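Dropping coords22.txt in here (compact mmCIF, C-alpha atoms and all ligand atoms):
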```
# COMPACT_ATOMS: atom_id res chain seq x y z
CA MET A 1 24.39 5.46 4.64
CA ILE A 2 20.73 5.76 3.91
CA ILE A 3 18.91 9.09 4.17
CA THR A 4 15.17 8.83 3.63
CA VAL A 5 13.13 11.87 2.65
CA ALA A 6 9.57 11.41 3.87
CA SER A 7 6.37 13.32 4.47
CA GLY A 8 3.03 12.47 5.98
CA LYS A 9 1.14 13.45 2.89
CA GLY A 10 1.71 13.95 -0.80
CA GLY A 11 2.35 17.30 -2.39
CA THR A 12 4.66 18.70 0.29
CA GLY A 13 7.59 18.92 -2.09
CA LYS A 14 9.22 15.74 -0.86
CA THR A 15 10.55 14.84 -4.28
CA THR A 16 11.81 18.40 -4.80
CA VAL A 17 13.77 18.10 -1.56
CA ALA A 18 15.09 14.65 -2.46
CA VAL A 19 16.35 15.54 -5.94
CA ASN A 20 17.91 18.82 -4.85
CA LEU A 21 19.57 17.19 -1.87
CA ALA A 22 20.94 14.49 -4.16
CA THR A 23 22.36 17.14 -6.48
CA ILE A 24 24.19 18.85 -3.62
CA ALA A 25 25.35 15.53 -2.21
CA ALA A 26 26.66 14.48 -5.63
CA GLU A 27 29.02 17.47 -5.57
CA LYS A 28 30.58 16.16 -2.38
CA GLY A 29 30.83 12.45 -2.96
CA SER A 30 29.17 9.30 -4.24
CA VAL A 31 25.41 9.41 -4.20
CA GLU A 32 22.54 7.30 -5.43
CA LEU A 33 18.90 8.35 -5.44
CA PHE A 34 15.99 5.95 -5.00
CA ASP A 35 12.37 6.84 -5.69
CA CYS A 36 10.26 4.45 -3.64
CA ASP A 37 6.95 6.04 -4.52
CA VAL A 38 6.22 3.22 -6.93
CA GLU A 39 2.57 4.20 -7.30
CA GLU A 40 3.44 7.65 -8.57
CA PRO A 41 7.15 7.91 -9.23
CA ASN A 42 8.21 11.41 -10.24
CA ALA A 43 11.88 11.91 -9.34
CA HIS A 44 12.79 10.85 -12.89
CA LEU A 45 10.81 13.82 -14.22
CA PHE A 46 13.39 16.11 -12.57
CA VAL A 47 16.46 13.94 -12.98
CA LYS A 48 15.74 13.11 -16.65
CA PRO A 49 17.97 10.07 -16.47
CA GLN A 50 20.04 8.77 -19.37
CA ASN A 51 21.04 5.21 -20.25
CA ILE A 52 17.93 3.73 -18.72
CA THR A 53 17.77 0.03 -18.00
CA LYS A 54 14.56 -1.68 -17.06
CA LYS A 55 13.87 -5.07 -15.52
CA GLU A 56 10.57 -6.75 -14.88
CA VAL A 57 10.09 -8.08 -11.38
CA SER A 58 7.62 -10.56 -9.97
CA THR A 59 6.64 -12.18 -6.70
CA MET A 60 5.90 -15.80 -5.85
CA ILE A 61 2.33 -17.09 -5.90
CA PRO A 62 1.21 -20.72 -5.64
CA SER A 63 0.69 -22.66 -8.81
CA VAL A 64 -1.44 -25.75 -8.18
CA ASP A 65 -1.27 -29.01 -10.11
CA ILE A 66 -4.88 -30.13 -9.82
CA ALA A 67 -3.94 -33.71 -10.69
CA LEU A 68 -1.88 -33.98 -7.50
CA CYS A 69 -4.28 -32.12 -5.19
CA ASN A 70 -6.33 -34.30 -2.83
CA LEU A 71 -8.36 -31.34 -1.47
CA CYS A 72 -7.00 -31.83 2.06
CA GLN A 73 -7.39 -28.05 2.72
CA GLU A 74 -4.03 -27.72 4.49
CA CYS A 75 -3.06 -24.83 2.21
CA GLU A 76 -6.32 -23.03 2.93
CA LYS A 77 -5.84 -23.40 6.67
CA ILE A 78 -2.34 -21.94 6.71
CA CYS A 79 -3.06 -18.98 4.45
CA ARG A 80 -3.68 -15.85 6.53
CA PHE A 81 -4.72 -13.92 3.46
CA SER A 82 -7.55 -16.06 2.08
CA ALA A 83 -5.58 -16.24 -1.15
CA ILE A 84 -5.95 -20.00 -1.61
CA ASN A 85 -9.34 -21.62 -1.10
CA ILE A 86 -11.16 -24.86 -1.59
CA VAL A 87 -14.64 -24.10 -2.90
CA ALA A 88 -17.01 -26.87 -3.91
CA LYS A 89 -14.20 -29.38 -4.42
CA LYS A 90 -12.22 -26.94 -6.51
CA ILE A 91 -9.07 -25.08 -5.58
CA MET A 92 -9.11 -21.33 -6.17
CA VAL A 93 -6.12 -19.03 -6.00
CA PHE A 94 -6.65 -15.27 -5.74
CA ALA A 95 -3.25 -14.23 -7.01
CA ASP A 96 -3.67 -10.56 -6.12
CA MET A 97 -4.27 -11.37 -2.45
CA CYS A 98 -1.21 -13.57 -2.04
CA HIS A 99 1.59 -12.21 0.17
CA SER A 100 4.15 -14.75 -1.08
CA CYS A 101 4.79 -16.27 2.36
CA LYS A 102 5.14 -19.76 0.85
CA GLY A 103 3.15 -21.26 3.73
CA CYS A 104 0.91 -23.23 1.38
CA LEU A 105 3.92 -24.52 -0.52
CA MET A 106 5.44 -25.85 2.68
CA VAL A 107 2.37 -27.55 4.12
CA CYS A 108 1.03 -29.22 0.99
CA PRO A 109 1.47 -32.97 1.65
CA THR A 110 1.25 -34.06 -1.98
CA GLY A 111 3.61 -31.59 -3.64
CA ALA A 112 0.73 -30.19 -5.70
CA ILE A 113 1.89 -26.62 -5.16
CA SER A 114 4.87 -25.17 -6.96
CA GLU A 115 6.18 -21.63 -7.35
CA GLY A 116 4.34 -19.49 -9.84
CA ALA A 117 4.75 -15.76 -10.36
CA ARG A 118 2.73 -12.57 -10.31
CA GLN A 119 4.20 -9.57 -12.14
CA LEU A 120 4.73 -6.61 -9.81
CA GLY A 121 6.00 -4.07 -12.29
CA SER A 122 9.48 -2.94 -13.20
CA VAL A 123 12.60 -1.53 -11.59
CA LEU A 124 14.41 1.10 -13.66
CA THR A 125 17.78 2.78 -13.35
CA GLY A 126 19.44 5.66 -15.15
CA TYR A 127 22.03 8.40 -14.63
CA SER A 128 21.52 12.12 -14.10
CA LYS A 129 23.57 14.71 -15.94
CA GLN A 130 25.35 15.39 -12.65
CA GLY A 131 26.37 11.75 -12.69
CA PHE A 132 24.33 10.23 -9.89
CA LYS A 133 22.33 7.08 -10.36
CA LEU A 134 18.55 7.09 -10.00
CA THR A 135 16.61 3.91 -9.33
CA TRP A 136 12.83 3.84 -9.38
CA GLY A 137 9.95 1.42 -9.64
CA GLU A 138 6.80 1.43 -11.72
CA LEU A 139 3.92 -0.59 -10.32
CA ARG A 140 2.03 -2.74 -12.80
CA VAL A 141 -1.39 -1.25 -13.53
CA GLY A 142 -3.85 -3.30 -11.50
CA GLU A 143 -1.29 -4.45 -8.92
CA ALA A 144 -2.79 -3.70 -5.53
CA MET A 145 0.22 -4.17 -3.29
CA SER A 146 3.12 -1.77 -3.45
CA PRO A 147 5.39 -3.04 -0.61
CA PRO A 148 6.80 -5.98 -2.60
CA LEU A 149 7.91 -3.67 -5.44
CA ILE A 150 9.24 -1.08 -2.98
CA LYS A 151 11.31 -3.87 -1.52
CA LYS A 152 12.68 -4.71 -4.98
CA VAL A 153 13.70 -1.04 -5.42
CA LYS A 154 15.29 -1.04 -1.97
CA ASP A 155 17.17 -4.26 -2.79
CA GLU A 156 19.15 -2.11 -5.24
CA ILE A 157 20.53 0.02 -2.40
CA ASN A 158 24.18 -0.66 -1.71
CA ASN A 159 24.48 0.20 1.94
CA LEU A 160 28.11 1.25 1.97
CA TYR A 161 29.62 3.60 4.50
CA ASN A 162 30.99 6.07 1.98
CA LEU A 163 28.09 5.93 -0.43
CA ILE A 164 25.10 8.13 0.38
CA SER A 165 21.78 6.66 -0.67
CA ILE A 166 18.97 9.19 -0.71
CA VAL A 167 15.56 7.56 -0.65
CA ASP A 168 12.36 9.34 -1.68
CA ALA A 169 9.71 7.55 0.40
CA PRO A 170 6.12 7.02 -0.68
CA PRO A 171 3.81 9.57 1.00
CA GLY A 172 1.84 8.67 4.09
CA THR A 173 2.35 6.65 7.22
CA SER A 174 0.94 3.38 5.94
CA CYS A 175 2.64 0.15 5.08
CA PRO A 176 4.62 1.37 2.02
CA ALA A 177 6.05 4.37 3.86
CA ILE A 178 7.05 2.35 6.90
CA THR A 179 8.68 -0.31 4.70
CA THR A 180 10.89 2.41 3.25
CA LEU A 181 11.78 4.13 6.51
CA ARG A 182 12.60 1.03 8.50
CA ASP A 183 16.19 0.56 7.38
CA SER A 184 17.21 4.21 7.16
CA ASP A 185 20.08 5.79 9.04
CA PHE A 186 18.33 9.12 8.97
CA ALA A 187 14.91 10.49 8.10
CA LEU A 188 14.39 13.98 6.74
CA LEU A 189 10.76 14.97 7.15
CA VAL A 190 9.34 17.49 4.73
CA ALA A 191 6.56 19.45 6.40
CA GLU A 192 4.17 22.17 5.42
CA GLU A 193 2.91 24.90 7.71
CA THR A 194 -0.76 24.00 7.65
CA PRO A 195 -2.85 22.24 10.31
CA PHE A 196 -3.13 19.30 7.92
CA GLY A 197 0.61 19.27 7.39
CA LEU A 198 1.19 19.27 11.13
CA ASN A 199 -1.25 16.42 11.68
CA ASP A 200 0.50 14.27 9.09
CA LEU A 201 3.90 15.19 10.43
CA THR A 202 2.85 14.11 13.91
CA LEU A 203 1.80 10.69 12.62
CA THR A 204 5.09 10.21 10.80
CA VAL A 205 7.11 11.29 13.85
CA GLU A 206 5.24 8.83 16.06
CA GLY A 207 5.97 6.05 13.59
CA LEU A 208 9.65 6.94 13.38
CA LYS A 209 10.02 7.02 17.15
CA LYS A 210 8.82 3.43 17.23
CA LEU A 211 11.28 2.48 14.50
CA GLY A 212 14.09 4.28 16.33
CA VAL A 213 15.24 6.20 13.26
CA PRO A 214 16.90 9.59 13.96
CA MET A 215 15.09 12.45 12.25
CA ALA A 216 14.97 16.15 11.49
CA ILE A 217 12.54 18.46 9.72
CA VAL A 218 12.73 20.71 6.72
CA ILE A 219 9.86 23.11 6.13
CA ASN A 220 8.81 23.67 2.57
CA ARG A 221 6.99 26.80 1.43
CA ALA A 222 7.90 28.30 4.77
CA GLU A 223 6.56 31.60 6.11
CA GLU A 224 8.88 34.32 7.37
CA SER A 225 7.70 34.12 10.95
CA LYS A 226 7.66 31.21 13.36
CA GLY A 227 4.76 28.88 12.74
CA ILE A 228 3.01 25.78 14.09
CA ILE A 229 5.74 23.45 12.87
CA ASP A 230 8.37 25.42 14.85
CA ASP A 231 6.30 25.04 18.01
CA TYR A 232 5.78 21.34 17.44
CA ALA A 233 9.45 20.69 16.65
CA GLU A 234 10.52 22.55 19.77
CA HIS A 235 8.08 20.59 21.89
CA GLU A 236 9.22 17.26 20.40
CA ASN A 237 12.87 18.31 20.48
CA ILE A 238 13.37 17.69 16.76
CA GLU A 239 15.74 19.96 14.90
CA ILE A 240 14.55 22.01 11.93
CA LEU A 241 17.42 21.82 9.47
CA GLY A 242 16.17 24.39 7.05
CA LYS A 243 13.26 26.35 5.70
CA ILE A 244 12.66 26.65 2.01
CA PRO A 245 10.82 29.93 1.47
CA PHE A 246 7.79 30.11 -0.73
CA SER A 247 8.35 32.05 -3.91
CA LYS A 248 6.74 32.22 -7.31
CA GLU A 249 10.12 31.82 -8.92
CA ALA A 250 10.79 28.57 -7.04
CA ALA A 251 7.37 27.20 -7.96
CA LYS A 252 8.03 28.00 -11.61
CA ILE A 253 11.40 26.28 -11.59
CA CYS A 254 9.92 23.16 -10.00
CA SER A 255 7.05 23.07 -12.45
CA LYS A 256 9.55 23.12 -15.30
CA GLY A 257 11.28 20.11 -13.74
CA LEU A 258 14.48 22.07 -13.05
CA PHE A 259 16.75 21.89 -10.01
CA LEU A 260 16.28 24.73 -7.49
CA VAL A 261 19.89 24.38 -6.37
CA GLU A 262 21.09 25.07 -9.90
CA GLU A 263 18.76 27.98 -10.57
CA MET A 264 18.57 29.91 -7.29
CA ALA A 265 21.67 30.76 -5.26
CA GLU A 266 19.79 31.35 -2.00
CA ILE A 267 18.07 27.97 -2.18
CA ARG A 268 21.35 26.35 -3.07
CA ALA A 269 22.80 27.76 0.16
CA ILE A 270 19.87 26.38 2.15
CA PHE A 271 20.33 22.89 0.73
CA GLN A 272 24.07 23.01 1.31
CA LYS A 273 23.43 23.78 4.94
CA ILE A 274 20.81 21.04 5.24
CA TYR A 275 23.12 18.47 3.70
CA GLN A 276 26.06 19.52 5.84
CA LYS A 277 23.97 19.15 8.98
CA ILE A 278 22.68 15.71 8.01
CA TYR A 279 26.17 14.61 7.10
CA CYS A 280 27.47 15.68 10.50
CA LYS A 281 24.67 13.80 12.20
CA ILE A 282 25.19 10.49 10.45
CA VAL A 283 28.90 10.43 9.79
CA LYS A 284 30.84 10.40 13.00
CA THR A 285 34.43 10.64 11.83
CA GLU A 286 37.42 12.65 13.02
CA ASN A 287 36.88 15.36 10.50
CA LYS A 288 33.34 15.72 11.81
CA GLY A 289 31.59 18.62 10.19
CA GLU A 290 33.70 18.67 7.06
CA ILE A 291 32.32 17.32 3.89
CA LYS A 292 34.94 18.61 1.49
CA MET B 1 -35.74 -23.95 -3.72
CA LYS B 2 -33.16 -23.27 -1.02
CA VAL B 3 -31.68 -19.77 -0.95
CA ALA B 4 -29.52 -17.73 1.42
CA VAL B 5 -30.39 -14.12 2.30
CA SER B 6 -27.97 -11.76 4.04
CA SER B 7 -29.87 -10.44 7.04
CA SER B 8 -29.31 -7.98 9.85
CA GLY B 9 -31.39 -10.10 12.25
CA GLU B 10 -32.55 -13.60 12.97
CA SER B 11 -36.12 -13.48 11.65
CA LEU B 12 -37.91 -13.10 8.32
CA ASP B 13 -38.99 -9.60 9.40
CA SER B 14 -35.40 -8.46 9.76
CA GLU B 15 -33.99 -5.97 7.30
CA ILE B 16 -31.69 -7.28 4.63
CA ASP B 17 -28.03 -6.72 5.49
CA LEU B 18 -26.70 -4.83 2.48
CA ARG B 19 -23.21 -6.13 3.09
CA PHE B 20 -22.36 -9.61 1.96
CA GLY B 21 -18.89 -10.25 3.40
CA ARG B 22 -19.65 -8.55 6.69
CA ALA B 23 -23.34 -9.45 6.92
CA SER B 24 -24.54 -10.24 10.44
CA TYR B 25 -26.47 -13.37 9.49
CA PHE B 26 -27.45 -15.51 6.58
CA LEU B 27 -30.98 -16.89 6.66
CA ILE B 28 -31.11 -20.16 4.78
CA VAL B 29 -34.69 -20.28 3.51
CA GLU B 30 -36.79 -22.86 1.68
CA THR B 31 -38.74 -20.51 -0.59
CA ASP B 32 -41.86 -22.71 -0.91
CA THR B 33 -42.51 -23.15 2.79
CA LEU B 34 -40.54 -20.19 4.21
CA ASP B 35 -38.96 -22.62 6.67
CA PHE B 36 -35.58 -21.21 7.56
CA GLU B 37 -32.43 -21.72 9.48
CA VAL B 38 -30.20 -18.97 10.94
CA LYS B 39 -26.54 -19.08 10.04
CA PRO B 40 -24.41 -16.45 11.83
CA ASN B 41 -21.76 -15.11 9.47
CA GLU B 42 -18.85 -16.19 11.57
CA GLN B 43 -15.67 -14.57 10.45
CA ASN B 44 -12.19 -15.38 11.47
CA MET B 45 -11.34 -11.90 12.77
CA ASP B 46 -7.63 -12.77 12.88
CA LEU B 47 -7.50 -12.74 9.12
CA PRO B 48 -6.46 -9.39 7.67
CA GLN B 49 -8.42 -9.75 4.45
CA GLY B 50 -10.89 -11.99 2.66
CA ALA B 51 -14.19 -11.39 4.49
CA GLY B 52 -16.09 -11.83 1.23
CA ILE B 53 -14.31 -15.06 0.41
CA GLN B 54 -15.01 -16.50 3.85
CA ALA B 55 -18.66 -15.52 3.68
CA GLY B 56 -18.80 -17.00 0.18
CA LYS B 57 -17.51 -20.31 1.49
CA THR B 58 -20.05 -20.24 4.35
CA VAL B 59 -22.89 -19.78 1.88
CA VAL B 60 -21.54 -22.41 -0.51
CA ASN B 61 -21.32 -24.90 2.35
CA CYS B 62 -25.00 -24.36 3.14
CA GLY B 63 -25.83 -25.99 -0.16
CA VAL B 64 -28.06 -23.20 -1.47
CA GLU B 65 -28.91 -22.53 -5.08
CA ALA B 66 -28.82 -18.74 -4.78
CA ILE B 67 -27.80 -15.91 -2.47
CA ILE B 68 -29.80 -12.70 -2.18
CA THR B 69 -27.89 -9.72 -0.81
CA GLY B 70 -27.23 -5.99 -1.18
CA ASN B 71 -23.69 -5.76 -2.48
CA CYS B 72 -21.28 -8.42 -3.60
CA GLY B 73 -17.62 -7.81 -4.43
CA PRO B 74 -15.62 -9.57 -7.15
CA LYS B 75 -13.82 -12.13 -4.95
CA ALA B 76 -16.98 -13.28 -3.22
CA TYR B 77 -18.73 -13.40 -6.57
CA ASN B 78 -15.97 -15.62 -7.93
CA VAL B 79 -16.28 -18.03 -5.04
CA LEU B 80 -20.06 -18.22 -5.38
CA GLU B 81 -19.98 -18.54 -9.13
CA SER B 82 -17.38 -21.28 -9.14
CA ALA B 83 -19.61 -23.29 -6.81
CA GLY B 84 -22.61 -22.66 -9.04
CA VAL B 85 -24.44 -20.46 -6.53
CA LYS B 86 -26.44 -17.77 -8.31
CA VAL B 87 -26.23 -14.22 -6.98
CA VAL B 88 -28.93 -11.57 -6.62
CA THR B 89 -27.74 -8.11 -5.58
CA GLY B 90 -29.14 -4.63 -5.13
CA VAL B 91 -32.15 -5.58 -3.01
CA ASN B 92 -33.47 -3.89 0.13
CA GLY B 93 -36.38 -4.22 2.55
CA THR B 94 -37.14 -7.08 4.91
CA VAL B 95 -36.15 -10.66 4.19
CA LYS B 96 -39.83 -11.58 3.75
CA GLU B 97 -40.52 -8.79 1.25
CA VAL B 98 -37.46 -9.69 -0.75
CA LEU B 99 -38.41 -13.35 -0.85
CA GLU B 100 -41.89 -12.45 -2.11
CA LYS B 101 -40.36 -10.51 -4.98
CA PHE B 102 -37.94 -13.33 -5.65
CA LYS B 103 -40.74 -15.88 -5.87
CA LYS B 104 -42.68 -13.68 -8.28
CA GLY B 105 -39.60 -13.59 -10.48
CA GLU B 106 -39.13 -9.85 -9.97
CA LEU B 107 -35.46 -10.14 -9.06
CA GLN B 108 -32.70 -10.73 -11.54
CA TYR B 109 -29.53 -12.72 -11.15
CA SER B 110 -26.31 -10.76 -11.43
CA VAL B 111 -23.76 -11.72 -13.98
CA SER B 112 -20.88 -10.03 -12.16
CA ALA B 113 -19.93 -8.35 -8.91
CA ASN B 114 -21.76 -5.06 -8.35
CA VAL B 115 -19.15 -3.35 -6.15
CA GLU B 116 -15.39 -3.10 -6.08
CA GLY B 117 -13.60 -5.24 -3.56
CA HIS B 118 -11.75 -3.12 -1.04
CA TRP B 119 -8.48 -3.53 0.71
CA VAL B 120 -8.11 -3.63 4.43
S1 LIG C 301 2.09 -18.03 -0.45
FE1 LIG C 301 1.25 -17.53 1.55
S2 LIG C 301 -0.17 -15.84 1.11
FE2 LIG C 301 0.26 -16.82 -0.84
S3 LIG C 301 -1.38 -18.32 -1.08
FE3 LIG C 301 0.35 -19.39 -0.12
S4 LIG C 301 -0.07 -19.27 2.07
FE4 LIG C 301 -1.37 -17.73 1.07
S1 LIG C 302 -2.47 -28.60 0.59
FE1 LIG C 302 -1.98 -29.40 -1.44
S2 LIG C 302 -3.19 -31.28 -1.60
FE2 LIG C 302 -4.01 -30.13 0.13
S3 LIG C 302 -5.68 -28.93 -0.78
FE3 LIG C 302 -3.88 -27.63 -0.84
S4 LIG C 302 -3.00 -28.02 -2.86
FE4 LIG C 302 -4.43 -29.66 -2.48
```
For the structure just supplied, provide its representation as structure tokens.
Amino acid sequence: MIITVASGKGGTGKTTVAVNLATIAAEKGSVELFDCDVEEPNAHLFVKPQNITKKEVSTMIPSVDIALCNLCQECEKICRFSAINIVAKKIMVFADMCHSCKGCLMVCPTGAISEGARQLGSVLTGYSKQGFKLTWGELRVGEAMSPPLIKKVKDEINNLYNLISIVDAPPGTSCPAITTLRDSDFALLVAEETPFGLNDLTLTVEGLKKLGVPMAIVINRAEESKGIIDDYAEHENIEILGKIPFSKEAAKICSKGLFLVEEMAEIRAIFQKIYQKIYCKIVKTENKGEIK
Amino acid sequence: MKVAVSSSGESLDSEIDLRFGRASYFLIVETDTLDFEVKPNEQNMDLPQGAGIQAGKTVVNCGVEAIITGNCGPKAYNVLESAGVKVVTGVNGTVKEVLEKFKKGELQYSVSANVEGHWV
């Protein structure tokens, strides 16, 4: 089961929600946490994982043997990304523009193209003190495309029925965020009660509707009274699973990289309720509603 | 000498087009006589990226010695450089004015791209 925690913009407390949800979930069963924000991973700052392993990952790019190339331009014609070009009787590969589709490799009539590699960055794993596994990616400095590395992080997800995978999505509604949300069983949207927050939430909701992923909202730094997010959620018929109140104490705990659910009883109760509700929504078993 | 100038219109009185990759036209000019030919910067709009590279190839295929434009990104610069086309950036005014300056030797060739490439 894959639960993705997403938000339209950065700084909504998405990672805070993801790590605290994972902590609660880990008390109930098997959980793994994935941080797909490979451009700015930060879940590990909270989780402080132990026993870290790291592997370098790369993606395919064409490697051309000039001796075999007859400059027929077939590779250039098939490439939708202008990554391989014939310029003044020379072949030029722009490695950072290549999307690894292997089109050029397939059409080259002389076998001049073979598989080369471009480093994407690394995929890391480690274990929290509560015992759950965290997997995250670190994009190579200078690498312009994050979706291939996000995919490598997602490849580590074991989609098993009785294992809950909580995925911290990259912020936004662009390509990297959509890549992460596509295969989820459930999306938890972290929203903020500002006009900006609402605007970003709307974009994410529209995207998710197209993907057909069930969703619910959690409001971070919530006000006491009903706000614009409540109105929107009601209108769109999306359930608000919980509201995390704004408090100086909570902000302090987060800034120290500590878990709210371990430091504040009332927030712990909120997360327990959120998790229980999500669990009921995605797990349709006889003992529906029970997570003990 | 034969040079290309990125231009917003089809005559020598047109303003320079400051963009290279997305320039409207290239005027291919013989600097001695000011005879010129208009080359629309036809782009394959189906391609998601690589406007600069495509424009670079267009200019290279015109057989010019230099290109005079406003801004040139790193990919386009690479294409031009590898074909031995010299690049002049940072100019403005009409094509004619720019060519006058060029002939007087008032313009300098760039040794690298002058703007960052951007991602679509
Ligand atoms: S693998 Fe695909 S994207 Fe990369 S250079 Fe070849 S055709 Fe272009
Ligand atoms: S398809 Fe192969 S032979 Fe043809 S230009 Fe490309 S690399 Fe050279």
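For the set A:Val19, A:Cys79, A:Val283, A:Ala187, the residue with the smallest atom-to-atom gap to chain B is A:Cys79, counting only C-alpha atoms.
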Next item on the list: Pull out every residue of chain B that has at least one atom within 6 Å of chain A, counting only C-alpha atoms, and report them as a PyMOL selection string.
Entry: chain B and resi 47+49-50+83
Checklist line | Residue list as JSON, numbers by chain for point (25.5, 19.8, -1.9), cut-off 9 Å, only C-alpha atoms | finding: {"A": [20, 21, 22, 23, 24, 25, 26, 27, 28, 261, 268, 269, 271, 272, 273, 274, 275, 276]}
Next item on the list: Residues within 7 Å of ligand LIG 302 (chain C) should be enumerated using all atoms listed in the file and returned as a ChimeraX atom specification.
Entry: /A:64,68-76,86,104,107-113
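The space separating CA of Val79 in chain B from CA of Asp35 in chain B comes to 25.9 Å.
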